[in-house]
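The block underneath contains the structure these notes are about, expressed in structure tokens.
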Amino acid sequence: MSAQPSVLVVEDEASQREVLVYNLEAEGYVVQQATSGDVALDLAREDGPDLILLDWMLPEVSGIEVCRRLKAAAETRGIPVIMISARAEEVDRVRGLETGADDYVVKPYSVVELMARIRTQLRRVRPASVGERLEFDDVAVDTAEHRVFRDGQELHLGPTEFRLLTTFMERPGRVWSRDQLLDRVWGRDIYVDSRTVDVHVGRLRKALRSATGKDDPIRTVRGAGYALG
Ligand code: CA
């Protein structure tokens, strides 16, 4: 997890992989790579990417089998998978096999179209990252314009508090540990003390209260972290 949406590219052919990585990085995504199904499954479990681009033809474990295992495991089931295959007939077969893939692309694919399909999938799992408007109760976030409102009144948040709020609002009810918030909001390569999370959550909560005088919708989950609602 990271502040930018992360994409795991699973493709054994170096040239194909490089094209994908190049284009994804150009779009601002954090990209991870795997050249085999086993490595892909490990990375998906450990790092929880926001989306997986999965080639059908892989050595040993096929893309279809990888997809099936991803969709069978509770911890990876929710990650959107876009399958890439060499021929249109294969797409029909993938569909027929009910692997659970969320979308399919045939080689040679249009990069523009692939990027659009990626955004469509991310709109579901990372709505703030594609400029969607988020609403929860009386709080609204215009992620395209970076504006936050409570009860119609605009709040002025610092950049860290803004990212914290969009993270919470993308997944209402989800309990976030301090480490998960550090990865998502600050990025995993930056060293920040976990108490820093408490400081910024405190500021966010205060800003949410100050707008209306009402209680804020974020709650502390003892021993676990924080959640919205
Ligand atoms: Ca391949």
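Order determines the names: the first chain of the structure tokens is A, the second B, and so forth; residues in each chain are numbered 1 upward, and ligands are numbered 1 upward as they are shown.
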Within 6 Å of range 131-139 of chain A using only C-alpha atoms, minus same-chain residues under 4 positions, as JSON, numbers by chain: {"A": [127, 143, 144, 149, 150, 151]}
Distance query range 170-174 of chain A at most 9 Å, only C-alpha atoms, self and fewer than 4 positions along chain excluded, as a PyMOL selection string: chain A and resi 125-128+134+136+165-166+226-229
If you keep N, CA and C atoms, can you produce a file of those selected residues as a PDB file, in the first residue's frame?
```pdb
ATOM      1  N   VAL A 125     -12.104   0.652  -5.938  1.00  0.00           N
ATOM      2  CA  VAL A 125     -11.320   0.352  -4.738  1.00  0.00           C
ATOM      3  C   VAL A 125     -10.550   1.554  -4.193  1.00  0.00           C
ATOM      4  N   ARG A 126     -10.208   2.517  -5.055  1.00  0.00           N
ATOM      5  CA  ARG A 126      -9.494   3.725  -4.619  1.00  0.00           C
ATOM      6  C   ARG A 126     -10.144   4.947  -5.243  1.00  0.00           C
ATOM      7  N   PRO A 127     -11.410   5.217  -4.901  1.00  0.00           N
ATOM      8  CA  PRO A 127     -12.134   6.291  -5.607  1.00  0.00           C
ATOM      9  C   PRO A 127     -11.444   7.654  -5.535  1.00  0.00           C
ATOM     10  N   ALA A 128     -10.787   7.960  -4.415  1.00  0.00           N
ATOM     11  CA  ALA A 128     -10.161   9.281  -4.298  1.00  0.00           C
ATOM     12  C   ALA A 128      -9.024   9.448  -5.293  1.00  0.00           C
ATOM     13  N   LEU A 134     -16.251  12.017  -2.674  1.00  0.00           N
ATOM     14  CA  LEU A 134     -16.538  11.061  -1.609  1.00  0.00           C
ATOM     15  C   LEU A 134     -17.498  11.699  -0.620  1.00  0.00           C
ATOM     16  N   PHE A 136     -19.575  10.910   3.172  1.00  0.00           N
ATOM     17  CA  PHE A 136     -19.917  10.063   4.305  1.00  0.00           C
ATOM     18  C   PHE A 136     -20.671  10.918   5.301  1.00  0.00           C
ATOM     19  N   LEU A 165      -8.062  11.785   5.628  1.00  0.00           N
ATOM     20  CA  LEU A 165      -9.521  11.790   5.493  1.00  0.00           C
ATOM     21  C   LEU A 165      -9.960  11.014   4.255  1.00  0.00           C
ATOM     22  N   THR A 166      -9.272  11.200   3.107  1.00  0.00           N
ATOM     23  CA  THR A 166      -9.682  10.467   1.903  1.00  0.00           C
ATOM     24  C   THR A 166      -9.463   8.968   2.096  1.00  0.00           C
ATOM     25  N   TYR A 226      -7.726   3.145  13.933  1.00  0.00           N
ATOM     26  CA  TYR A 226      -8.804   4.119  13.735  1.00  0.00           C
ATOM     27  C   TYR A 226      -9.741   3.660  12.621  1.00  0.00           C
ATOM     28  N   ALA A 227     -10.985   4.144  12.713  1.00  0.00           N
ATOM     29  CA  ALA A 227     -11.956   3.832  11.674  1.00  0.00           C
ATOM     30  C   ALA A 227     -12.901   5.012  11.507  1.00  0.00           C
ATOM     31  N   LEU A 228     -13.512   5.110  10.354  1.00  0.00           N
ATOM     32  CA  LEU A 228     -14.537   6.116  10.113  1.00  0.00           C
ATOM     33  C   LEU A 228     -15.891   5.458  10.306  1.00  0.00           C
ATOM     34  N   GLY A 229     -16.680   6.063  11.164  1.00  0.00           N
ATOM     35  CA  GLY A 229     -18.045   5.568  11.362  1.00  0.00           C
ATOM     36  C   GLY A 229     -18.119   4.282  12.176  1.00  0.00           C
TER      37      GLY A 229
END
```
Residues within 9 Å of ligand 1, counting only C-alpha atoms and all ligand atoms, as a VMD selection string: chain A and resid 10 to 14 16 to 17 35 54 to 59 63 84 to 86
Picked from range 76-183 of chain A by DSSP as strand (DSSP E or B), as a ChimeraX atom specification: /A:81-85,103-106,133-136,139-142,147-150,153-155,176
Write out the residues from the selection above, keeping C-alpha atoms, as a tab-separated table (two decimals), in the first residue's frame.
```tsv
chain	number	residue	atom	x	y	z
A	81	VAL	CA	-7.55	-8.36	-11.57
A	82	ILE	CA	-7.24	-7.44	-15.25
A	83	MET	CA	-6.21	-10.49	-17.29
A	84	ILE	CA	-4.08	-9.99	-20.38
A	85	SER	CA	-4.18	-12.65	-23.06
A	103	ASP	CA	-11.70	-7.39	-16.78
A	104	TYR	CA	-9.86	-8.76	-19.84
A	105	VAL	CA	-7.51	-7.21	-22.39
A	106	VAL	CA	-6.25	-8.81	-25.60
A	133	ARG	CA	-16.31	12.87	-4.95
A	134	LEU	CA	-16.54	11.06	-1.61
A	135	GLU	CA	-19.36	11.43	0.86
A	136	PHE	CA	-19.92	10.06	4.31
A	139	VAL	CA	-18.72	15.08	5.26
A	140	ALA	CA	-17.94	15.52	1.56
A	141	VAL	CA	-14.56	15.49	-0.18
A	142	ASP	CA	-14.05	16.83	-3.68
A	147	ARG	CA	-11.81	20.63	-1.00
A	148	VAL	CA	-13.51	19.29	2.10
A	149	PHE	CA	-16.93	20.19	3.45
A	150	ARG	CA	-18.88	19.33	6.56
A	153	GLN	CA	-19.16	24.39	5.36
A	154	GLU	CA	-15.65	24.26	3.90
A	155	LEU	CA	-12.83	22.94	6.09
A	176	TRP	CA	-6.85	0.99	9.90
```
Close residues, range 41-43 of chain A itself excluded, 9 Å, only C-alpha atoms, min 2 positions apart in chain, as a ChimeraX atom specification: /A:8,32-34,36-39,45-49,66,69-70,76
Go ahead and write the residues just picked, N, CA and C atoms, as a PDB file, in the first residue's frame.
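The resulting file, result-v7.pdb, is reproduced below:
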```pdb
ATOM      1  N   LEU A   8       0.354  -4.249  -9.381  1.00  0.00           N
ATOM      2  CA  LEU A   8       1.278  -5.377  -9.515  1.00  0.00           C
ATOM      3  C   LEU A   8       1.185  -5.906 -10.943  1.00  0.00           C
ATOM      4  N   GLN A  32       4.842  -2.694  -8.932  1.00  0.00           N
ATOM      5  CA  GLN A  32       5.623  -3.852  -8.524  1.00  0.00           C
ATOM      6  C   GLN A  32       5.580  -4.853  -9.653  1.00  0.00           C
ATOM      7  N   GLN A  33       6.601  -5.704  -9.728  1.00  0.00           N
ATOM      8  CA  GLN A  33       6.662  -6.650 -10.837  1.00  0.00           C
ATOM      9  C   GLN A  33       6.861  -8.068 -10.331  1.00  0.00           C
ATOM     10  N   ALA A  34       6.260  -9.003 -11.050  1.00  0.00           N
ATOM     11  CA  ALA A  34       6.488 -10.417 -10.777  1.00  0.00           C
ATOM     12  C   ALA A  34       6.599 -11.127 -12.116  1.00  0.00           C
ATOM     13  N   SER A  36       6.579 -14.597 -12.219  1.00  0.00           N
ATOM     14  CA  SER A  36       5.945 -15.916 -12.108  1.00  0.00           C
ATOM     15  C   SER A  36       4.721 -15.822 -11.211  1.00  0.00           C
ATOM     16  N   GLY A  37       3.861 -16.831 -11.352  1.00  0.00           N
ATOM     17  CA  GLY A  37       2.625 -16.842 -10.581  1.00  0.00           C
ATOM     18  C   GLY A  37       2.855 -16.958  -9.085  1.00  0.00           C
ATOM     19  N   ASP A  38       3.843 -17.767  -8.700  1.00  0.00           N
ATOM     20  CA  ASP A  38       4.101 -17.950  -7.265  1.00  0.00           C
ATOM     21  C   ASP A  38       4.540 -16.647  -6.606  1.00  0.00           C
ATOM     22  N   VAL A  39       5.450 -15.932  -7.290  1.00  0.00           N
ATOM     23  CA  VAL A  39       5.918 -14.650  -6.750  1.00  0.00           C
ATOM     24  C   VAL A  39       4.743 -13.673  -6.679  1.00  0.00           C
ATOM     25  N   ARG A  45      -0.362 -11.175  -1.433  1.00  0.00           N
ATOM     26  CA  ARG A  45      -0.702 -11.414  -0.018  1.00  0.00           C
ATOM     27  C   ARG A  45       0.012 -10.453   0.907  1.00  0.00           C
ATOM     28  N   GLU A  46       1.318 -10.243   0.638  1.00  0.00           N
ATOM     29  CA  GLU A  46       2.124  -9.436   1.556  1.00  0.00           C
ATOM     30  C   GLU A  46       1.849  -7.945   1.421  1.00  0.00           C
ATOM     31  N   ASP A  47       1.723  -7.468   0.187  1.00  0.00           N
ATOM     32  CA  ASP A  47       1.666  -6.024  -0.034  1.00  0.00           C
ATOM     33  C   ASP A  47       0.276  -5.500  -0.355  1.00  0.00           C
ATOM     34  N   GLY A  48      -0.655  -6.370  -0.679  1.00  0.00           N
ATOM     35  CA  GLY A  48      -2.008  -5.904  -0.983  1.00  0.00           C
ATOM     36  C   GLY A  48      -2.038  -4.782  -2.000  1.00  0.00           C
ATOM     37  N   PRO A  49      -1.591  -5.041  -3.245  1.00  0.00           N
ATOM     38  CA  PRO A  49      -1.663  -3.984  -4.269  1.00  0.00           C
ATOM     39  C   PRO A  49      -3.110  -3.581  -4.516  1.00  0.00           C
ATOM     40  N   VAL A  66      -3.465 -18.445 -11.168  1.00  0.00           N
ATOM     41  CA  VAL A  66      -3.139 -17.366 -10.223  1.00  0.00           C
ATOM     42  C   VAL A  66      -4.416 -16.596  -9.882  1.00  0.00           C
ATOM     43  N   ARG A  69      -6.684 -18.511  -7.591  1.00  0.00           N
ATOM     44  CA  ARG A  69      -6.214 -18.537  -6.189  1.00  0.00           C
ATOM     45  C   ARG A  69      -6.387 -17.180  -5.510  1.00  0.00           C
ATOM     46  N   LEU A  70      -6.164 -16.109  -6.276  1.00  0.00           N
ATOM     47  CA  LEU A  70      -6.354 -14.761  -5.702  1.00  0.00           C
ATOM     48  C   LEU A  70      -7.803 -14.576  -5.267  1.00  0.00           C
ATOM     49  N   THR A  76      -7.038 -11.608  -0.558  1.00  0.00           N
ATOM     50  CA  THR A  76      -6.744 -11.028  -1.881  1.00  0.00           C
ATOM     51  C   THR A  76      -7.978 -10.926  -2.782  1.00  0.00           C
TER      52      THR A  76
END
```
Atom pair CA of Gly28 in chain A / CA of Ser6 in chain A: separation (Å):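 If I compute the distance from CA of Gly28 in chain A to CA of Ser6 in chain A, I get 9.2 Å.
Coordinates place CA of Ile52 in chain A at a distance of 17.2 Å from CA of Val112 in chain A.
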Counting only C-alpha atoms, the residue of A:Ser177, A:Thr167, A:Ser194, A:Ser129 that sits nearest Thr220 in chain A: A:Ser177
Glu98 in chain A: which residues within 12 Å, counting only C-alpha atoms, same-chain residues fewer than 5 positions away excluded, as an mmCIF file with N, CA and C atoms, in the first residue's frame?
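Written output follows (out05.cif):
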```cif
data_model
loop_
_atom_site.group_PDB
_atom_site.id
_atom_site.type_symbol
_atom_site.label_atom_id
_atom_site.label_comp_id
_atom_site.auth_asym_id
_atom_site.auth_seq_id
_atom_site.Cartn_x
_atom_site.Cartn_y
_atom_site.Cartn_z
ATOM 1 N N ILE A 64 -4.388 -17.965 -15.273
ATOM 2 C CA ILE A 64 -5.744 -18.372 -14.877
ATOM 3 C C ILE A 64 -5.751 -18.957 -13.468
ATOM 4 N N GLU A 65 -4.763 -19.808 -13.211
ATOM 5 C CA GLU A 65 -4.678 -20.435 -11.894
ATOM 6 C C GLU A 65 -4.355 -19.390 -10.819
ATOM 7 N N CYS A 67 -5.186 -16.272 -10.912
ATOM 8 C CA CYS A 67 -6.413 -15.512 -10.707
ATOM 9 C C CYS A 67 -7.381 -16.283 -9.811
ATOM 10 N N ARG A 68 -7.488 -17.554 -10.082
ATOM 11 C CA ARG A 68 -8.405 -18.381 -9.298
ATOM 12 C C ARG A 68 -7.998 -18.390 -7.816
ATOM 13 N N LYS A 71 -8.720 -15.049 -6.116
ATOM 14 C CA LYS A 71 -10.138 -14.841 -5.833
ATOM 15 C C LYS A 71 -10.684 -15.829 -4.792
ATOM 16 N N ALA A 72 -9.908 -16.876 -4.520
ATOM 17 C CA ALA A 72 -10.362 -17.858 -3.528
ATOM 18 C C ALA A 72 -9.924 -17.477 -2.118
ATOM 19 N N VAL A 91 -9.744 -14.984 -24.305
ATOM 20 C CA VAL A 91 -10.608 -14.196 -23.421
ATOM 21 C C VAL A 91 -11.934 -14.928 -23.229
ATOM 22 N N ASP A 92 -12.461 -15.477 -24.351
ATOM 23 C CA ASP A 92 -13.708 -16.235 -24.242
ATOM 24 C C ASP A 92 -13.538 -17.412 -23.293
ATOM 25 N N ARG A 93 -12.357 -18.047 -23.395
ATOM 26 C CA ARG A 93 -12.119 -19.193 -22.524
ATOM 27 C C ARG A 93 -11.996 -18.771 -21.059
ATOM 28 N N ASP A 103 -11.682 -7.914 -15.418
ATOM 29 C CA ASP A 103 -11.699 -7.390 -16.784
ATOM 30 C C ASP A 103 -10.661 -8.159 -17.602
#
```
Among the residues A:Leu53, A:Leu204, A:Glu90, A:Pro159, the one that comes closest to Arg117 in chain A [using only C-alpha atoms]: A:Leu53
DSSP helix (DSSP H, G or I) selection over chain A, as JSON, numbers by chain: {"A": [14, 15, 16, 17, 18, 19, 20, 21, 22, 23, 24, 25, 26, 37, 38, 39, 40, 41, 42, 43, 44, 45, 46, 47, 63, 64, 65, 66, 67, 68, 69, 70, 71, 72, 88, 89, 90, 91, 92, 93, 94, 95, 96, 97, 111, 112, 113, 114, 115, 116, 117, 118, 119, 120, 121, 122, 123, 124, 125, 127, 128, 129, 130, 159, 160, 161, 162, 163, 164, 165, 166, 167, 168, 169, 170, 178, 179, 180, 181, 182, 183, 184, 185, 186, 194, 195, 196, 197, 198, 199, 200, 201, 202, 203, 204, 205, 206, 207, 208, 209, 210, 211, 212]}
Who sits within 10 Å of Val111 in chain A, only C-alpha atoms, same chain under 4 positions skipped, as JSON, numbers by chain: {"A": [19, 20, 23, 24, 115, 116, 117]}
Point-to-point distance in Å for CA of Gly187 in chain A and CA of Val21 in chain A: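 About the pair CA of Val21 in chain A and CA of Gly187 in chain A: they are 19.3 Å apart.
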Shortest interatomic distance to His156 in chain A - which of A:Arg222, A:Arg77, A:Lys206, A:Arg195, counting only C-alpha atoms: A:Lys206
